[in-house]
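*Asks:* Sharing start-v9.cif below, mmCIF, C-alpha atoms and all ligand atoms:
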data_my_file
loop_
_atom_site.group_PDB
_atom_site.id
_atom_site.type_symbol
_atom_site.label_atom_id
_atom_site.label_comp_id
_atom_site.auth_asym_id
_atom_site.auth_seq_id
_atom_site.Cartn_x
_atom_site.Cartn_y
_atom_site.Cartn_z
ATOM 1 C CA MET A 1 12.620 0.169 -22.569
ATOM 2 C CA MET A 2 11.362 -3.057 -20.945
ATOM 3 C CA GLN A 3 8.242 -4.606 -22.458
ATOM 4 C CA LEU A 4 5.452 -6.078 -20.382
ATOM 5 C CA ILE A 5 3.297 -8.467 -22.415
ATOM 6 C CA TYR A 6 -0.147 -8.681 -20.852
ATOM 7 C CA SER A 7 -3.767 -9.508 -21.568
ATOM 8 C CA PRO A 8 -6.498 -7.183 -20.265
ATOM 9 C CA THR A 9 -8.360 -9.984 -18.453
ATOM 10 C CA SER A 10 -5.359 -11.616 -16.746
ATOM 11 C CA PRO A 11 -5.265 -10.920 -12.999
ATOM 12 C CA TYR A 12 -1.598 -12.040 -12.933
ATOM 13 C CA ALA A 13 -0.694 -9.465 -15.574
ATOM 14 C CA ARG A 14 -2.829 -6.887 -13.788
ATOM 15 C CA LYS A 15 -0.655 -7.250 -10.698
ATOM 16 C CA CYS A 16 2.423 -6.256 -12.727
ATOM 17 C CA ARG A 17 0.593 -3.413 -14.495
ATOM 18 C CA ILE A 18 -0.534 -2.001 -11.153
ATOM 19 C CA LEU A 19 3.038 -2.171 -9.852
ATOM 20 C CA VAL A 20 4.339 -0.308 -12.898
ATOM 21 C CA ARG A 21 1.924 2.518 -12.019
ATOM 22 C CA GLU A 22 2.292 2.449 -8.226
ATOM 23 C CA LEU A 23 6.094 2.280 -8.357
ATOM 24 C CA ALA A 24 6.287 5.009 -11.044
ATOM 25 C CA LEU A 25 8.015 2.805 -13.616
ATOM 26 C CA GLN A 26 6.027 3.943 -16.682
ATOM 27 C CA ASP A 27 9.152 5.570 -18.132
ATOM 28 C CA VAL A 28 11.037 2.267 -18.224
ATOM 29 C CA VAL A 29 8.251 -0.253 -18.920
ATOM 30 C CA THR A 30 5.977 -0.204 -21.939
ATOM 31 C CA GLU A 31 2.900 -2.453 -22.104
ATOM 32 C CA ILE A 32 2.059 -4.707 -25.037
ATOM 33 C CA ALA A 33 -1.426 -6.228 -25.146
ATOM 34 C CA ASP A 34 -1.684 -9.795 -26.395
ATOM 35 C CA ASN A 35 -4.079 -12.734 -26.156
ATOM 36 C CA PRO A 36 -2.121 -15.770 -24.948
ATOM 37 C CA PHE A 37 -4.617 -18.125 -26.594
ATOM 38 C CA GLU A 38 -3.675 -16.765 -30.028
ATOM 39 C CA ASP A 39 -0.058 -17.968 -29.649
ATOM 40 C CA SER A 40 1.425 -14.830 -31.235
ATOM 41 C CA ALA A 41 5.062 -14.965 -32.346
ATOM 42 C CA THR A 42 5.801 -12.057 -29.977
ATOM 43 C CA LEU A 43 4.611 -13.979 -26.930
ATOM 44 C CA LEU A 44 5.981 -17.402 -27.846
ATOM 45 C CA GLN A 45 9.382 -15.971 -28.692
ATOM 46 C CA ALA A 46 9.534 -14.287 -25.289
ATOM 47 C CA ASN A 47 7.844 -16.999 -23.231
ATOM 48 C CA PRO A 48 7.831 -20.662 -24.267
ATOM 49 C CA LEU A 49 5.127 -21.250 -21.636
ATOM 50 C CA GLY A 50 2.770 -19.193 -23.817
ATOM 51 C CA ARG A 51 1.448 -17.286 -20.827
ATOM 52 C CA VAL A 52 1.100 -13.708 -19.697
ATOM 53 C CA PRO A 53 2.527 -11.759 -17.991
ATOM 54 C CA CYS A 54 5.997 -11.797 -19.486
ATOM 55 C CA LEU A 55 8.536 -9.010 -18.975
ATOM 56 C CA VAL A 56 11.172 -8.621 -21.689
ATOM 57 C CA LEU A 57 14.212 -6.873 -20.244
ATOM 58 C CA ASP A 58 16.450 -4.374 -22.029
ATOM 59 C CA ASP A 59 19.019 -7.095 -22.807
ATOM 60 C CA GLY A 60 16.347 -9.316 -24.384
ATOM 61 C CA GLN A 61 16.094 -11.771 -21.485
ATOM 62 C CA ALA A 62 12.514 -12.485 -20.488
ATOM 63 C CA LEU A 63 11.011 -13.007 -17.053
ATOM 64 C CA THR A 64 7.917 -15.163 -16.601
ATOM 65 C CA GLU A 65 5.672 -15.570 -13.534
ATOM 66 C CA SER A 66 3.894 -12.623 -11.966
ATOM 67 C CA GLY A 67 5.636 -13.138 -8.595
ATOM 68 C CA LEU A 68 9.110 -12.946 -10.110
ATOM 69 C CA ILE A 69 8.214 -9.971 -12.312
ATOM 70 C CA SER A 70 6.703 -8.176 -9.317
ATOM 71 C CA ALA A 71 9.827 -8.707 -7.202
ATOM 72 C CA TRP A 72 11.971 -7.482 -10.111
ATOM 73 C CA LEU A 73 9.876 -4.327 -10.572
ATOM 74 C CA ASN A 74 9.897 -3.633 -6.834
ATOM 75 C CA ASP A 75 13.696 -3.932 -6.793
ATOM 76 C CA ARG A 76 13.959 -1.329 -9.526
ATOM 77 C CA ALA A 77 11.665 1.252 -7.901
ATOM 78 C CA ALA A 78 13.104 4.447 -6.452
ATOM 79 C CA THR A 79 10.864 3.883 -3.420
ATOM 80 C CA PRO A 80 10.294 0.125 -3.185
ATOM 81 C CA TRP A 81 7.627 -1.441 -1.027
ATOM 82 C CA SER A 82 9.026 -3.246 1.971
ATOM 83 C CA SER A 83 8.692 -6.978 1.516
ATOM 84 C CA GLY A 84 9.808 -9.491 4.134
ATOM 85 C CA TRP A 85 9.007 -13.164 4.601
ATOM 86 C CA ASP A 86 5.631 -12.460 6.186
ATOM 87 C CA ASP A 87 4.595 -10.460 3.138
ATOM 88 C CA ARG A 88 5.901 -13.193 0.827
ATOM 89 C CA ARG A 89 3.872 -15.741 2.783
ATOM 90 C CA LEU A 90 0.698 -13.693 2.272
ATOM 91 C CA GLU A 91 1.580 -13.123 -1.383
ATOM 92 C CA ALA A 92 1.854 -16.895 -1.890
ATOM 93 C CA LEU A 93 -1.543 -17.475 -0.252
ATOM 94 C CA GLY A 94 -3.105 -14.744 -2.425
ATOM 95 C CA SER A 95 -1.498 -16.230 -5.556
ATOM 96 C CA GLY A 96 -2.776 -19.654 -4.592
ATOM 97 C CA LEU A 97 -6.293 -18.279 -4.207
ATOM 98 C CA LEU A 98 -5.993 -16.769 -7.667
ATOM 99 C CA ASP A 99 -4.764 -20.098 -9.065
ATOM 100 C CA LEU A 100 -7.787 -21.898 -7.597
ATOM 101 C CA ALA A 101 -10.216 -19.276 -8.922
ATOM 102 C CA VAL A 102 -8.664 -19.372 -12.412
ATOM 103 C CA ALA A 103 -8.707 -23.201 -12.378
ATOM 104 C CA ARG A 104 -12.375 -23.157 -11.347
ATOM 105 C CA ARG A 105 -13.144 -20.772 -14.208
ATOM 106 C CA VAL A 106 -11.278 -23.015 -16.697
ATOM 107 C CA GLU A 107 -13.302 -26.004 -15.502
ATOM 108 C CA MET A 108 -16.554 -24.071 -15.884
ATOM 109 C CA VAL A 109 -15.993 -22.972 -19.466
ATOM 110 C CA ARG A 110 -15.318 -26.517 -20.692
ATOM 111 C CA ASP A 111 -17.865 -28.333 -22.754
ATOM 112 C CA GLU A 112 -20.420 -29.744 -20.298
ATOM 113 C CA ALA A 113 -19.751 -33.270 -21.579
ATOM 114 C CA ILE A 114 -16.200 -33.215 -20.187
ATOM 115 C CA TYR A 115 -16.840 -30.899 -17.270
ATOM 116 C CA SER A 116 -15.738 -32.369 -13.928
ATOM 117 C CA SER A 117 -17.800 -31.879 -10.790
ATOM 118 C CA PHE A 118 -14.897 -33.434 -8.836
ATOM 119 C CA TRP A 119 -12.491 -30.649 -9.850
ATOM 120 C CA LEU A 120 -15.121 -27.947 -9.574
ATOM 121 C CA GLY A 121 -15.996 -28.993 -6.012
ATOM 122 C CA ARG A 122 -12.322 -29.321 -5.070
ATOM 123 C CA ARG A 123 -11.559 -25.799 -6.335
ATOM 124 C CA GLU A 124 -14.611 -24.358 -4.578
ATOM 125 C CA ARG A 125 -13.718 -25.865 -1.214
ATOM 126 C CA GLY A 126 -10.130 -24.610 -1.564
ATOM 127 C CA ILE A 127 -11.348 -21.105 -2.386
ATOM 128 C CA LEU A 128 -13.616 -21.007 0.684
ATOM 129 C CA ARG A 129 -10.959 -22.350 3.048
ATOM 130 C CA THR A 130 -8.414 -19.823 1.754
ATOM 131 C CA LEU A 131 -10.854 -16.914 2.008
ATOM 132 C CA ASP A 132 -11.503 -17.853 5.648
ATOM 133 C CA GLU A 133 -7.788 -18.120 6.379
ATOM 134 C CA LEU A 134 -7.114 -14.752 4.739
ATOM 135 C CA GLU A 135 -9.902 -13.196 6.804
ATOM 136 C CA ARG A 136 -8.140 -14.483 9.950
ATOM 137 C CA GLU A 137 -4.909 -12.915 8.648
ATOM 138 C CA CYS A 138 -6.738 -9.602 8.260
ATOM 139 C CA ALA A 139 -7.472 -9.540 12.023
ATOM 140 C CA THR A 140 -4.111 -7.762 12.085
ATOM 141 C CA PRO A 141 -4.736 -5.386 9.186
ATOM 142 C CA VAL A 142 -2.695 -6.307 6.099
ATOM 143 C CA GLU A 143 -0.798 -3.367 4.579
ATOM 144 C CA PRO A 144 -2.564 -2.726 1.228
ATOM 145 C CA LEU A 145 0.570 -1.311 -0.433
ATOM 146 C CA SER A 146 2.509 -4.555 -0.229
ATOM 147 C CA LEU A 147 2.925 -7.443 -2.648
ATOM 148 C CA GLY A 148 0.838 -9.632 -0.337
ATOM 149 C CA GLY A 149 -1.892 -7.019 0.150
ATOM 150 C CA LEU A 150 -2.109 -6.330 -3.587
ATOM 151 C CA THR A 151 -2.220 -10.025 -4.535
ATOM 152 C CA ILE A 152 -5.011 -10.764 -2.058
ATOM 153 C CA ALA A 153 -7.036 -7.739 -3.234
ATOM 154 C CA LEU A 154 -6.610 -8.867 -6.854
ATOM 155 C CA ALA A 155 -7.673 -12.420 -6.046
ATOM 156 C CA VAL A 156 -10.971 -11.340 -4.439
ATOM 157 C CA ASP A 157 -11.530 -8.796 -7.214
ATOM 158 C CA TYR A 158 -11.140 -11.654 -9.715
ATOM 159 C CA LEU A 159 -13.914 -13.489 -7.825
ATOM 160 C CA ASP A 160 -16.147 -10.429 -8.379
ATOM 161 C CA PHE A 161 -15.198 -10.425 -12.087
ATOM 162 C CA ARG A 162 -15.708 -14.118 -12.881
ATOM 163 C CA PHE A 163 -18.095 -15.234 -10.137
ATOM 164 C CA PRO A 164 -20.293 -12.226 -9.265
ATOM 165 C CA GLU A 165 -22.613 -14.577 -7.372
ATOM 166 C CA CYS A 166 -19.811 -15.402 -4.880
ATOM 167 C CA GLU A 167 -20.596 -13.569 -1.667
ATOM 168 C CA TRP A 168 -17.040 -13.575 -0.317
ATOM 169 C CA ARG A 169 -17.592 -10.289 1.561
ATOM 170 C CA GLN A 170 -20.194 -11.844 3.866
ATOM 171 C CA GLN A 171 -18.601 -12.501 7.287
ATOM 172 C CA ARG A 172 -15.259 -11.277 5.963
ATOM 173 C CA PRO A 173 -15.031 -7.568 6.845
ATOM 174 C CA GLY A 174 -11.224 -7.600 6.976
ATOM 175 C CA LEU A 175 -10.917 -8.835 3.418
ATOM 176 C CA ALA A 176 -13.622 -6.410 2.288
ATOM 177 C CA ALA A 177 -11.659 -3.523 3.863
ATOM 178 C CA LEU A 178 -8.431 -4.600 2.144
ATOM 179 C CA HIS A 179 -10.222 -4.821 -1.198
ATOM 180 C CA GLY A 180 -11.894 -1.455 -0.526
ATOM 181 C CA ALA A 181 -8.522 0.207 0.042
ATOM 182 C CA TRP A 182 -7.422 -0.937 -3.428
ATOM 183 C CA ALA A 183 -10.742 -0.306 -5.162
ATOM 184 C CA GLY A 184 -10.297 3.430 -4.585
ATOM 185 C CA ARG A 185 -6.878 3.631 -6.256
ATOM 186 C CA ALA A 186 -6.344 4.957 -9.772
ATOM 187 C CA SER A 187 -4.021 2.083 -10.735
ATOM 188 C CA PHE A 188 -6.696 -0.460 -9.821
ATOM 189 C CA ALA A 189 -9.364 1.340 -11.857
ATOM 190 C CA ALA A 190 -7.044 1.865 -14.839
ATOM 191 C CA THR A 191 -6.270 -1.861 -15.072
ATOM 192 C CA ALA A 192 -9.745 -3.265 -14.366
ATOM 193 C CA PRO A 193 -10.686 -6.106 -16.732
ATOM 194 C CA PRO A 194 -13.133 -5.141 -19.494
ATOM 195 C CA LEU A 195 -16.725 -6.183 -18.730
HETATM 196 N N1 LIG A 201 1.679 -18.627 -12.513
HETATM 197 C C1 LIG A 201 1.564 -17.714 -13.609
HETATM 198 C C2 LIG A 201 0.164 -17.830 -14.206
HETATM 199 C C3 LIG A 201 0.001 -17.036 -15.502
HETATM 200 C C4 LIG A 201 -1.245 -17.462 -16.259
HETATM 201 O O1 LIG A 201 -1.818 -18.533 -16.028
HETATM 202 N N2 LIG A 201 -1.689 -16.601 -17.180
HETATM 203 C C5 LIG A 201 -2.842 -16.947 -17.987
HETATM 204 C C6 LIG A 201 -3.736 -15.728 -18.188
HETATM 205 S S1 LIG A 201 -4.609 -15.357 -16.683
HETATM 206 C C7 LIG A 201 -2.399 -17.399 -19.368
HETATM 207 O O2 LIG A 201 -1.556 -16.772 -19.971
HETATM 208 N N3 LIG A 201 -2.974 -18.510 -19.833
HETATM 209 C C8 LIG A 201 -2.671 -19.086 -21.107
HETATM 210 C C9 LIG A 201 -2.434 -20.567 -21.009
HETATM 211 O O3 LIG A 201 -2.466 -21.103 -19.876
HETATM 212 O O4 LIG A 201 -2.191 -21.182 -22.032
HETATM 213 C C10 LIG A 201 1.879 -16.295 -13.140
HETATM 214 O O5 LIG A 201 1.830 -16.059 -11.922
HETATM 215 O O6 LIG A 201 2.246 -15.432 -13.961
#
Any chance you could put this one into structure tokens?
*Replies:*
Amino acid sequence: MMQLIYSPTSPYARKCRILVRELALQDVVTEIADNPFEDSATLLQANPLGRVPCLVLDDGQALTESGLISAWLNDRAATPWSSGWDDRRLEALGSGLLDLAVARRVEMVRDEAIYSSFWLGRRERGILRTLDELERECATPVEPLSLGGLTIALAVDYLDFRFPECEWRQQRPGLAALHGAWAGRASFAATAPPL
């Protein structure tokens, strides 16, 4: 049985947990909850980076990075999602949006004395530019059940989770529709971060 080490608030880990459910891999992947900031022996032994998600394979090898784990899981599914270069391009943009949102959050929870308005502003501008670009991409509807579609939906959902004041839906009906398609799915609800 493969082991997926995750934390309940990690959007990167959530992507892998959703794939386990959507691709019907629950019989071959078991989930192990962990808090990466506690540096548990289980996590550090599997992943020297000290980050989640981490997928420990049956032979003991471990995969890090949500994109790699997702591609691995998709390859093992009986009915994989189709994923070409265009989807990978969108997946990378969605992952980048997530990276900016997580970096903005990290900057915000620092002690105010060392908090950087330069980095905060830089992250915010990047988030807005990427949201606008993704909205243009949605002019041709993005397939929700794709690695790109899922990653984008998770990135905007993370904005709702950490920055509820962010009105990303305004003027972005395409992105709102993509998020809406995921919001109604059982796998999305089952993996939602705790409030
Ligand atoms: N690029 C990585 C990012 C993973 C990541 O940053 N995970 C966070 C949780 S959201 C973590 O484990 N942070 C602990 C740390 O950075 O020390 C991926 O796609 O898996």
*Asks:* May I have a table of the residues of region 6-95 of chain A lying at most 9 Å from region 155-174 of chain A, giving each one's closest pair of atoms and their distance in Å to one decimal, counting only C-alpha atoms, ordered by chain and ascending residue number, as a tab-separated table?
*Replies:*
residue	atom	partner	partner_atom	distance
A:Pro11	CA	A:Tyr158	CA	6.8
A:Gly94	CA	A:Ala155	CA	6.3
A:Ser95	CA	A:Ala155	CA	7.3
*Asks:* Report the distance between CA of Ile5 (chain A) and CA of Arg123 (chain A) in Å, rounded to one decimal place.
*Replies:*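 Going from CA of Ile5 (chain A) over to CA of Arg123 (chain A) covers 27.9 Å.
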*Asks:* With all atoms listed in the file as the atoms that count, which of A:Arg185, A:Leu178, A:Glu112, A:Gln45 lies nearest to Glu137 (chain A)?
*Replies:*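 Of all the options, A:Leu178 lies closest to Glu137 (chain A).
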*Asks:* When distances are computed from only C-alpha atoms and all ligand atoms, which of A:Arg14, A:Arg104, A:Arg76, A:Arg88 shows the smallest separation from ligand LIG 201 (chain A)?
*Replies:* A:Arg14
*Asks:* Of the residues A:Ala189, A:Met2, A:Leu120, A:Leu147, which is the one nearest to Ala62 (chain A), using all atoms listed in the file?
*Replies:*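 Nearest candidate to Ala62 (chain A) out of A:Ala189, A:Met2, A:Leu120, A:Leu147: A:Met2.
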*Asks:* Produce a table with one row for each residue of chain A that has an atom at most 6 Å from any atom of ligand LIG 201 (chain A), each row naming the nearest atom pair and its distance in Å at one decimal; use all atoms listed in the file; arrange rows by chain and rising residue number; format as JSON lines.
*Replies:*
{"residue": "A:Ser10", "atom": "CA", "partner": "A:LIG201", "partner_atom": "S1", "distance": 3.8}
{"residue": "A:Pro11", "atom": "CA", "partner": "A:LIG201", "partner_atom": "S1", "distance": 5.8}
{"residue": "A:Tyr12", "atom": "CA", "partner": "A:LIG201", "partner_atom": "O6", "distance": 5.2}
{"residue": "A:Pro36", "atom": "CA", "partner": "A:LIG201", "partner_atom": "C8", "distance": 5.1}
{"residue": "A:Phe37", "atom": "CA", "partner": "A:LIG201", "partner_atom": "C8", "distance": 5.9}
{"residue": "A:Gly50", "atom": "CA", "partner": "A:LIG201", "partner_atom": "O4", "distance": 5.6}
{"residue": "A:Arg51", "atom": "CA", "partner": "A:LIG201", "partner_atom": "O2", "distance": 3.2}
{"residue": "A:Val52", "atom": "CA", "partner": "A:LIG201", "partner_atom": "O2", "distance": 4.1}
{"residue": "A:Pro53", "atom": "CA", "partner": "A:LIG201", "partner_atom": "O6", "distance": 5.5}
{"residue": "A:Glu65", "atom": "CA", "partner": "A:LIG201", "partner_atom": "O6", "distance": 3.5}
{"residue": "A:Ser66", "atom": "CA", "partner": "A:LIG201", "partner_atom": "O6", "distance": 3.8}
{"residue": "A:Gly67", "atom": "CA", "partner": "A:LIG201", "partner_atom": "O5", "distance": 5.8}
*Asks:* Please produce an output containing C-alpha atoms for each residue in the selection, written as a compact mmCIF listing (two decimals), keeping the file's coordinate frame.
*Replies:*
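Output below, filename out.txt:
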# COMPACT_ATOMS: atom_id res chain seq x y z
CA SER A 10 -5.36 -11.62 -16.75
CA PRO A 11 -5.26 -10.92 -13.00
CA TYR A 12 -1.60 -12.04 -12.93
CA PRO A 36 -2.12 -15.77 -24.95
CA PHE A 37 -4.62 -18.12 -26.59
CA GLY A 50 2.77 -19.19 -23.82
CA ARG A 51 1.45 -17.29 -20.83
CA VAL A 52 1.10 -13.71 -19.70
CA PRO A 53 2.53 -11.76 -17.99
CA GLU A 65 5.67 -15.57 -13.53
CA SER A 66 3.89 -12.62 -11.97
CA GLY A 67 5.64 -13.14 -8.60
*Asks:* So the first atom is CA of Cys54 (chain A) and the second is CA of Gln26 (chain A); what is the distance between them in Å, to one decimal place?
*Replies:*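 So the answer is 16.0 Å.
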*Asks:* Nearest to Val102 (chain A) among A:Ile127, A:Leu90, A:Leu25, A:Leu43, with distances taken over all atoms listed in the file: which residue is it?
*Replies:*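 Between A:Ile127, A:Leu90, A:Leu25, A:Leu43, the residue approaching Val102 (chain A) most closely is A:Ile127.
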*Asks:* Which one is closest to Leu97 (chain A): A:Asn35, A:Ser40, A:Gln3, A:Thr151? Count only C-alpha atoms.
*Replies:*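 Residue with the minimum atom-to-atom distance to Leu97 (chain A): A:Thr151.
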*Asks:* Closest to Phe188 (chain A) among A:Ala24, A:Leu150, A:Phe118, A:Gln61, using only C-alpha atoms?
*Replies:*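 Residue with the minimum atom-to-atom distance to Phe188 (chain A): A:Leu150.
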*Asks:* Grab the CA of Pro193 (chain A) to CA of Leu98 (chain A) distance for me, in Å with one decimal place.
*Replies:*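 Distance between the two atoms: 14.8 Å.
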*Asks:* Applied to this file, what does the PyMOL selection byres (((chain A and resi 70) around 9) and not hetatm) return in terms of residues, put as an MDAnalysis selection string?
*Replies:* chainID A and resid 15:16 19:20 65:69 71:75 147
